[in-house]
Amino acid sequence: AIPIAMRMIAATADCLLTDLRHGNFKSREAVQAVADAQKYLKTLPIRFTTSANTLGKISSLARRARLSRGIDLLIIDQLAAMPITAQKKTDGIGMITCGLKCLAKELGIPIVLLHQLNRDLTKSADKRPDLHHLKDSGAVEQDSDVVLLVHREFYYDTAANPYDFEIIQGKNRIGSRGDVVHVGVDLSKSKLSDYPPHWSDQQKNAAADNNGAYV
């Protein structure tokens, strides 16, 4: 929870994550920006927990949250961190994804489940992920309503723009798939922006006309 909180503070305060970790602030304004970010983030209805890592514990915690203060979104980081009790790993993953889907319907909220990619992606010429690149993808793909895949070309090719980040719609149960949204990313501040910084006004306008999608 602490690393996530620090990333949120860095993004909100627009400061380098390394400066935040080491307390290396070069001005009073930077210190004030961090203080303001912490104050603002405390007002948001966001709760972290590291005590719930099984389907049963997560379900129980979510139900209690709904009764006590309400719950609008549940994010789980990540599927690989949840213990598998079934003899076969694929069966265990299926039990988890099916259980989370039932929980989402019960609570009437979206559940975001983070998941890893398999190693086959590194062997492909095109490094953009697809559904079959999901690790143990069968149950994950089957039970999900939407699958969003992320890609940063600079990770594989240092000649690419380091601030360009792609969000690929791998699955959409009630819509089309394959749409790509480009956003700006600054990993030094854990910060996303609406557009990559190198984009022209023409590219921004084209993306806006296409609901953010621009290939």
# chains A, B, ... in the order shown; residues from 1 in each chain; ligands from 1
>>> residues_around(residues="Pro162 in chain A", least_positions_apart="2", cutoff="12 Å", atoms="only C-alpha atoms", output="ChimeraX atom specification")
/A:151-160,164-166,183-188,196-198
>>> write_last_selection(atoms="N, CA and C atoms", output="PDB file, in the first residue's frame")
ATOM      1  N   HIS A 151       0.648  -1.258 -23.332  1.00  0.00           N
ATOM      2  CA  HIS A 151       1.881  -1.434 -24.110  1.00  0.00           C
ATOM      3  C   HIS A 151       2.660  -0.130 -24.122  1.00  0.00           C
ATOM      4  N   ARG A 152       3.947  -0.247 -23.912  1.00  0.00           N
ATOM      5  CA  ARG A 152       4.870   0.892 -24.007  1.00  0.00           C
ATOM      6  C   ARG A 152       6.033   0.464 -24.887  1.00  0.00           C
ATOM      7  N   GLU A 153       6.043   0.934 -26.105  1.00  0.00           N
ATOM      8  CA  GLU A 153       7.020   0.504 -27.096  1.00  0.00           C
ATOM      9  C   GLU A 153       8.446   0.782 -26.637  1.00  0.00           C
ATOM     10  N   PHE A 154       8.642   1.855 -25.892  1.00  0.00           N
ATOM     11  CA  PHE A 154       9.979   2.232 -25.433  1.00  0.00           C
ATOM     12  C   PHE A 154      10.613   1.144 -24.575  1.00  0.00           C
ATOM     13  N   TYR A 155       9.790   0.315 -23.936  1.00  0.00           N
ATOM     14  CA  TYR A 155      10.311  -0.781 -23.102  1.00  0.00           C
ATOM     15  C   TYR A 155      11.116  -1.758 -23.949  1.00  0.00           C
ATOM     16  N   TYR A 156      10.719  -1.918 -25.212  1.00  0.00           N
ATOM     17  CA  TYR A 156      11.379  -2.862 -26.110  1.00  0.00           C
ATOM     18  C   TYR A 156      12.311  -2.167 -27.107  1.00  0.00           C
ATOM     19  N   ASP A 157      12.028  -0.913 -27.404  1.00  0.00           N
ATOM     20  CA  ASP A 157      12.788  -0.185 -28.415  1.00  0.00           C
ATOM     21  C   ASP A 157      13.096   1.209 -27.871  1.00  0.00           C
ATOM     22  N   THR A 158      14.324   1.439 -27.474  1.00  0.00           N
ATOM     23  CA  THR A 158      14.687   2.718 -26.864  1.00  0.00           C
ATOM     24  C   THR A 158      14.683   3.870 -27.856  1.00  0.00           C
ATOM     25  N   ALA A 159      14.497   3.563 -29.153  1.00  0.00           N
ATOM     26  CA  ALA A 159      14.373   4.634 -30.147  1.00  0.00           C
ATOM     27  C   ALA A 159      12.944   5.183 -30.189  1.00  0.00           C
ATOM     28  N   ALA A 160      11.998   4.472 -29.556  1.00  0.00           N
ATOM     29  CA  ALA A 160      10.606   4.913 -29.533  1.00  0.00           C
ATOM     30  C   ALA A 160      10.426   6.045 -28.521  1.00  0.00           C
ATOM     31  N   ASP A 164       5.016   7.711 -24.703  1.00  0.00           N
ATOM     32  CA  ASP A 164       3.830   7.202 -25.388  1.00  0.00           C
ATOM     33  C   ASP A 164       3.406   5.872 -24.777  1.00  0.00           C
ATOM     34  N   PHE A 165       2.165   5.801 -24.348  1.00  0.00           N
ATOM     35  CA  PHE A 165       1.639   4.632 -23.637  1.00  0.00           C
ATOM     36  C   PHE A 165       0.325   4.233 -24.301  1.00  0.00           C
ATOM     37  N   GLU A 166       0.208   2.968 -24.692  1.00  0.00           N
ATOM     38  CA  GLU A 166      -0.992   2.503 -25.389  1.00  0.00           C
ATOM     39  C   GLU A 166      -1.869   1.657 -24.477  1.00  0.00           C
ATOM     40  N   VAL A 183      -2.044   7.500 -24.519  1.00  0.00           N
ATOM     41  CA  VAL A 183      -1.979   8.494 -23.456  1.00  0.00           C
ATOM     42  C   VAL A 183      -0.523   8.815 -23.186  1.00  0.00           C
ATOM     43  N   GLY A 184      -0.299   9.910 -22.503  1.00  0.00           N
ATOM     44  CA  GLY A 184       1.055  10.268 -22.122  1.00  0.00           C
ATOM     45  C   GLY A 184       1.411   9.628 -20.791  1.00  0.00           C
ATOM     46  N   VAL A 185       2.653   9.230 -20.625  1.00  0.00           N
ATOM     47  CA  VAL A 185       3.096   8.621 -19.370  1.00  0.00           C
ATOM     48  C   VAL A 185       4.454   9.198 -18.982  1.00  0.00           C
ATOM     49  N   ASP A 186       4.594   9.521 -17.710  1.00  0.00           N
ATOM     50  CA  ASP A 186       5.872   9.952 -17.157  1.00  0.00           C
ATOM     51  C   ASP A 186       6.139   9.070 -15.944  1.00  0.00           C
ATOM     52  N   LEU A 187       6.895   7.999 -16.152  1.00  0.00           N
ATOM     53  CA  LEU A 187       7.122   7.036 -15.084  1.00  0.00           C
ATOM     54  C   LEU A 187       7.928   7.623 -13.936  1.00  0.00           C
ATOM     55  N   SER A 188       8.696   8.664 -14.196  1.00  0.00           N
ATOM     56  CA  SER A 188       9.482   9.270 -13.112  1.00  0.00           C
ATOM     57  C   SER A 188       8.577   9.924 -12.077  1.00  0.00           C
ATOM     58  N   PRO A 196       0.093  11.972 -25.311  1.00  0.00           N
ATOM     59  CA  PRO A 196       1.557  12.013 -25.288  1.00  0.00           C
ATOM     60  C   PRO A 196       2.042  13.432 -25.560  1.00  0.00           C
ATOM     61  N   PRO A 197       3.096  13.888 -24.902  1.00  0.00           N
ATOM     62  CA  PRO A 197       3.525  15.288 -25.020  1.00  0.00           C
ATOM     63  C   PRO A 197       3.976  15.700 -26.415  1.00  0.00           C
ATOM     64  N   HIS A 198       4.335  14.732 -27.273  1.00  0.00           N
ATOM     65  CA  HIS A 198       4.828  15.093 -28.598  1.00  0.00           C
ATOM     66  C   HIS A 198       3.695  15.250 -29.613  1.00  0.00           C
TER      67      HIS A 198
END
>>> residues_around(residues="Ala52 in chain A", least_positions_apart="3", cutoff="12 Å", atoms="only C-alpha atoms", output="PyMOL selection string")
chain A and resi 48-49+55-62+75-78+81-83
>>> select_by_dssp(residues="range 25-144 of chain A", states="alpha helix (DSSP H)", output="NGL selection string")
:A and (28-42 or 55-68 or 89-107 or 137-143)
>>> closest_residue(among="A:Lys123, A:Arg7, A:His182, A:Lys171", to="Ala37 in chain A", atoms="only C-alpha atoms")
A:Arg7
>>> residues_around(residues="Ala80 in chain A", least_positions_apart="3", cutoff="10 Å", atoms="only C-alpha atoms", output="VMD selection string")
chain A and resid 77 83 to 84 93 114 to 116 135
>>> write_last_selection(atoms="N, CA and C atoms", output="mmCIF file, in the first residue's frame")
data_model
loop_
_atom_site.group_PDB
_atom_site.id
_atom_site.type_symbol
_atom_site.label_atom_id
_atom_site.label_comp_id
_atom_site.auth_asym_id
_atom_site.auth_seq_id
_atom_site.Cartn_x
_atom_site.Cartn_y
_atom_site.Cartn_z
ATOM 1 N N ASP A 77 -4.818 -6.263 -6.923
ATOM 2 C CA ASP A 77 -3.453 -6.289 -7.450
ATOM 3 C C ASP A 77 -2.707 -7.431 -6.758
ATOM 4 N N PRO A 83 -3.759 -17.072 -3.651
ATOM 5 C CA PRO A 83 -3.379 -18.487 -3.565
ATOM 6 C C PRO A 83 -4.354 -19.395 -4.310
ATOM 7 N N ILE A 84 -3.814 -20.422 -4.949
ATOM 8 C CA ILE A 84 -4.612 -21.412 -5.677
ATOM 9 C C ILE A 84 -4.781 -22.640 -4.784
ATOM 10 N N ILE A 93 -7.659 -20.879 -10.969
ATOM 11 C CA ILE A 93 -7.849 -19.543 -11.535
ATOM 12 C C ILE A 93 -9.297 -19.360 -11.970
ATOM 13 N N LEU A 114 -5.957 -7.011 -11.889
ATOM 14 C CA LEU A 114 -4.687 -6.910 -12.604
ATOM 15 C C LEU A 114 -4.112 -8.308 -12.812
ATOM 16 N N HIS A 115 -3.472 -8.497 -13.974
ATOM 17 C CA HIS A 115 -2.953 -9.824 -14.304
ATOM 18 C C HIS A 115 -1.721 -9.687 -15.174
ATOM 19 N N GLN A 116 -0.888 -10.696 -15.142
ATOM 20 C CA GLN A 116 0.374 -10.685 -15.870
ATOM 21 C C GLN A 116 0.208 -11.241 -17.284
ATOM 22 N N LYS A 135 -1.492 -14.584 -19.065
ATOM 23 C CA LYS A 135 -0.990 -15.783 -18.400
ATOM 24 C C LYS A 135 -2.177 -16.640 -17.950
#
>>> select_by_dssp(residues="range 88-190 of chain A", states="strand (DSSP E)", output="list in words")
Ile111, Val112, Leu113, Val146, Val147, Leu148, Leu149, Val150, His151, Asp164, Phe165, Glu166, Ile167, Ile168, Gln169, Gly170, Lys171, Asn172, Val180, Val181, His182, Val183, Gly184, Val185 and Asp186 of chain A
>>> residues_around(residues="Asn172 in chain A", least_positions_apart="5", cutoff="8 Å", atoms="only C-alpha atoms", output="short mmCIF file (atom, residue, chain, number, x, y, z; two decimals) with N, CA, C and O atoms, in the first residue's frame")
data_model
loop_
_atom_site.label_atom_id
_atom_site.label_comp_id
_atom_site.auth_asym_id
_atom_site.auth_seq_id
_atom_site.Cartn_x
_atom_site.Cartn_y
_atom_site.Cartn_z
N ASP A 145 -15.60 -9.17 -18.70
CA ASP A 145 -16.44 -8.42 -19.64
C ASP A 145 -15.59 -7.52 -20.53
O ASP A 145 -15.89 -7.32 -21.69
N VAL A 146 -14.53 -6.98 -19.95
CA VAL A 146 -13.62 -6.09 -20.68
C VAL A 146 -12.18 -6.48 -20.31
O VAL A 146 -11.88 -6.73 -19.14
N VAL A 147 -11.32 -6.54 -21.31
CA VAL A 147 -9.89 -6.75 -21.07
C VAL A 147 -9.13 -5.59 -21.70
O VAL A 147 -9.24 -5.34 -22.90
N ARG A 177 -13.65 -4.59 -30.27
CA ARG A 177 -12.34 -4.80 -29.67
C ARG A 177 -11.26 -4.32 -30.63
O ARG A 177 -11.51 -4.12 -31.82
#
>>> residues_around(residues="range 13-15 of chain A", least_positions_apart="3", cutoff="7 Å", atoms="only C-alpha atoms", output="number ranges by chain")
A: 9-10, 33-34, 37, 189
>>> closest_residue(among="A:Gln87, A:Ser68, A:Thr54, A:Thr122", to="Leu100 in chain A", atoms="only C-alpha atoms")
A:Thr54
>>> atom_distance(atom1="CA of Lys88 in chain A", atom2="CA of Leu113 in chain A")
20.6 Å
>>> closest_residue(among="A:Val140, A:Arg119, A:Asn205, A:Gly23", to="Thr97 in chain A", atoms="only C-alpha atoms")
A:Val140
>>> decode(residues="range 176-192 of chain A", atoms="all heavy atoms", output="CSV table (one decimal), in the first residue's frame")
chain,number,residue,atom,x,y,z
A,176,SER,N,-16.9,-3.2,-29.6
A,176,SER,CA,-15.9,-3.7,-30.5
A,176,SER,C,-14.6,-3.9,-29.7
A,176,SER,O,-14.4,-3.4,-28.5
A,176,SER,CB,-15.6,-2.6,-31.5
A,176,SER,OG,-15.2,-1.4,-31.0
A,177,ARG,N,-13.7,-4.6,-30.3
A,177,ARG,CA,-12.3,-4.8,-29.7
A,177,ARG,C,-11.3,-4.3,-30.6
A,177,ARG,O,-11.5,-4.1,-31.8
A,177,ARG,CB,-12.1,-6.3,-29.3
A,177,ARG,CG,-12.0,-7.2,-30.5
A,177,ARG,CD,-11.8,-8.6,-30.1
A,177,ARG,NE,-10.5,-8.8,-29.4
A,177,ARG,CZ,-9.4,-9.1,-30.0
A,177,ARG,NH1,-9.3,-9.3,-31.4
A,177,ARG,NH2,-8.3,-9.3,-29.3
A,178,GLY,N,-10.1,-4.1,-30.1
A,178,GLY,CA,-9.0,-3.7,-30.9
A,178,GLY,C,-8.7,-2.2,-31.0
A,178,GLY,O,-7.7,-1.8,-31.5
A,179,ASP,N,-9.6,-1.4,-30.4
A,179,ASP,CA,-9.4,0.0,-30.3
A,179,ASP,C,-8.1,0.3,-29.5
A,179,ASP,O,-7.8,-0.4,-28.5
A,179,ASP,CB,-10.5,0.8,-29.7
A,179,ASP,CG,-11.8,0.7,-30.6
A,179,ASP,OD1,-11.6,0.5,-31.8
A,179,ASP,OD2,-12.9,1.0,-30.1
A,180,VAL,N,-7.4,1.3,-29.9
A,180,VAL,CA,-6.1,1.7,-29.2
A,180,VAL,C,-6.2,3.2,-28.7
A,180,VAL,O,-6.5,4.0,-29.5
A,180,VAL,CB,-4.9,1.5,-30.0
A,180,VAL,CG1,-3.6,1.9,-29.3
A,180,VAL,CG2,-4.8,0.1,-30.5
A,181,VAL,N,-6.0,3.4,-27.5
A,181,VAL,CA,-6.0,4.8,-26.9
A,181,VAL,C,-4.5,5.1,-26.5
A,181,VAL,O,-3.9,4.3,-25.8
A,181,VAL,CB,-6.9,4.9,-25.7
A,181,VAL,CG1,-6.8,6.3,-25.1
A,181,VAL,CG2,-8.4,4.7,-26.1
A,182,HIS,N,-4.0,6.2,-27.1
A,182,HIS,CA,-2.7,6.6,-26.7
A,182,HIS,C,-2.8,7.7,-25.6
A,182,HIS,O,-3.6,8.6,-25.7
A,182,HIS,CB,-2.0,7.3,-27.9
A,182,HIS,CG,-1.6,6.3,-28.9
A,182,HIS,ND1,-0.3,5.9,-29.1
A,182,HIS,CD2,-2.3,5.6,-29.9
A,182,HIS,CE1,-0.2,5.0,-30.1
A,182,HIS,NE2,-1.5,4.8,-30.6
A,183,VAL,N,-2.0,7.5,-24.5
A,183,VAL,CA,-2.0,8.5,-23.5
A,183,VAL,C,-0.5,8.8,-23.2
A,183,VAL,O,0.4,8.1,-23.6
A,183,VAL,CB,-2.7,8.0,-22.2
A,183,VAL,CG1,-4.1,7.7,-22.4
A,183,VAL,CG2,-2.0,6.7,-21.6
A,184,GLY,N,-0.3,9.9,-22.5
A,184,GLY,CA,1.1,10.3,-22.1
A,184,GLY,C,1.4,9.6,-20.8
A,184,GLY,O,0.6,9.5,-19.9
A,185,VAL,N,2.7,9.2,-20.6
A,185,VAL,CA,3.1,8.6,-19.4
A,185,VAL,C,4.5,9.2,-19.0
A,185,VAL,O,5.3,9.4,-19.8
A,185,VAL,CB,3.2,7.1,-19.5
A,185,VAL,CG1,4.2,6.7,-20.6
A,185,VAL,CG2,3.5,6.5,-18.1
A,186,ASP,N,4.6,9.5,-17.7
A,186,ASP,CA,5.9,10.0,-17.2
A,186,ASP,C,6.1,9.1,-15.9
A,186,ASP,O,5.6,9.3,-14.8
A,186,ASP,CB,5.8,11.4,-16.8
A,186,ASP,CG,7.2,12.0,-16.3
A,186,ASP,OD1,8.1,11.1,-16.1
A,186,ASP,OD2,7.3,13.2,-16.2
A,187,LEU,N,6.9,8.0,-16.2
A,187,LEU,CA,7.1,7.0,-15.1
A,187,LEU,C,7.9,7.6,-13.9
A,187,LEU,O,7.8,7.1,-12.8
A,187,LEU,CB,7.8,5.8,-15.6
A,187,LEU,CG,7.0,5.0,-16.7
A,187,LEU,CD1,7.8,3.7,-17.1
A,187,LEU,CD2,5.7,4.6,-16.1
A,188,SER,N,8.7,8.7,-14.2
A,188,SER,CA,9.5,9.3,-13.1
A,188,SER,C,8.6,9.9,-12.1
A,188,SER,O,9.0,10.1,-10.9
A,188,SER,CB,10.4,10.3,-13.7
A,188,SER,OG,9.7,11.4,-14.2
A,189,LYS,N,7.3,10.2,-12.5
A,189,LYS,CA,6.3,10.8,-11.6
A,189,LYS,C,5.1,9.9,-11.4
A,189,LYS,O,4.1,10.4,-10.8
A,189,LYS,CB,5.9,12.2,-12.1
A,189,LYS,CG,7.1,13.2,-12.2
A,189,LYS,CD,6.6,14.5,-12.8
A,189,LYS,CE,7.8,15.5,-13.0
A,189,LYS,NZ,7.3,16.8,-13.6
A,190,SER,N,5.1,8.7,-12.0
A,190,SER,CA,4.0,7.8,-12.0
A,190,SER,C,2.7,8.5,-12.5
A,190,SER,O,1.7,8.4,-11.9
A,190,SER,CB,3.8,7.3,-10.6
A,190,SER,OG,4.8,6.5,-10.2
A,191,LYS,N,2.9,9.3,-13.5
A,191,LYS,CA,1.8,10.2,-14.0
A,191,LYS,C,1.3,9.9,-15.4
A,191,LYS,O,2.2,9.7,-16.3
A,191,LYS,CB,2.3,11.6,-13.9
A,191,LYS,CG,1.2,12.7,-14.1
A,191,LYS,CD,1.7,14.1,-13.7
A,191,LYS,CE,0.6,15.1,-13.8
A,191,LYS,NZ,1.0,16.4,-13.4
A,192,LEU,N,0.0,9.8,-15.6
A,192,LEU,CA,-0.6,9.7,-16.9
A,192,LEU,C,-1.2,11.0,-17.3
A,192,LEU,O,-1.7,11.7,-16.4
A,192,LEU,CB,-1.6,8.6,-16.9
A,192,LEU,CG,-1.2,7.2,-16.7
A,192,LEU,CD1,-2.4,6.2,-16.7
A,192,LEU,CD2,-0.2,6.7,-17.8
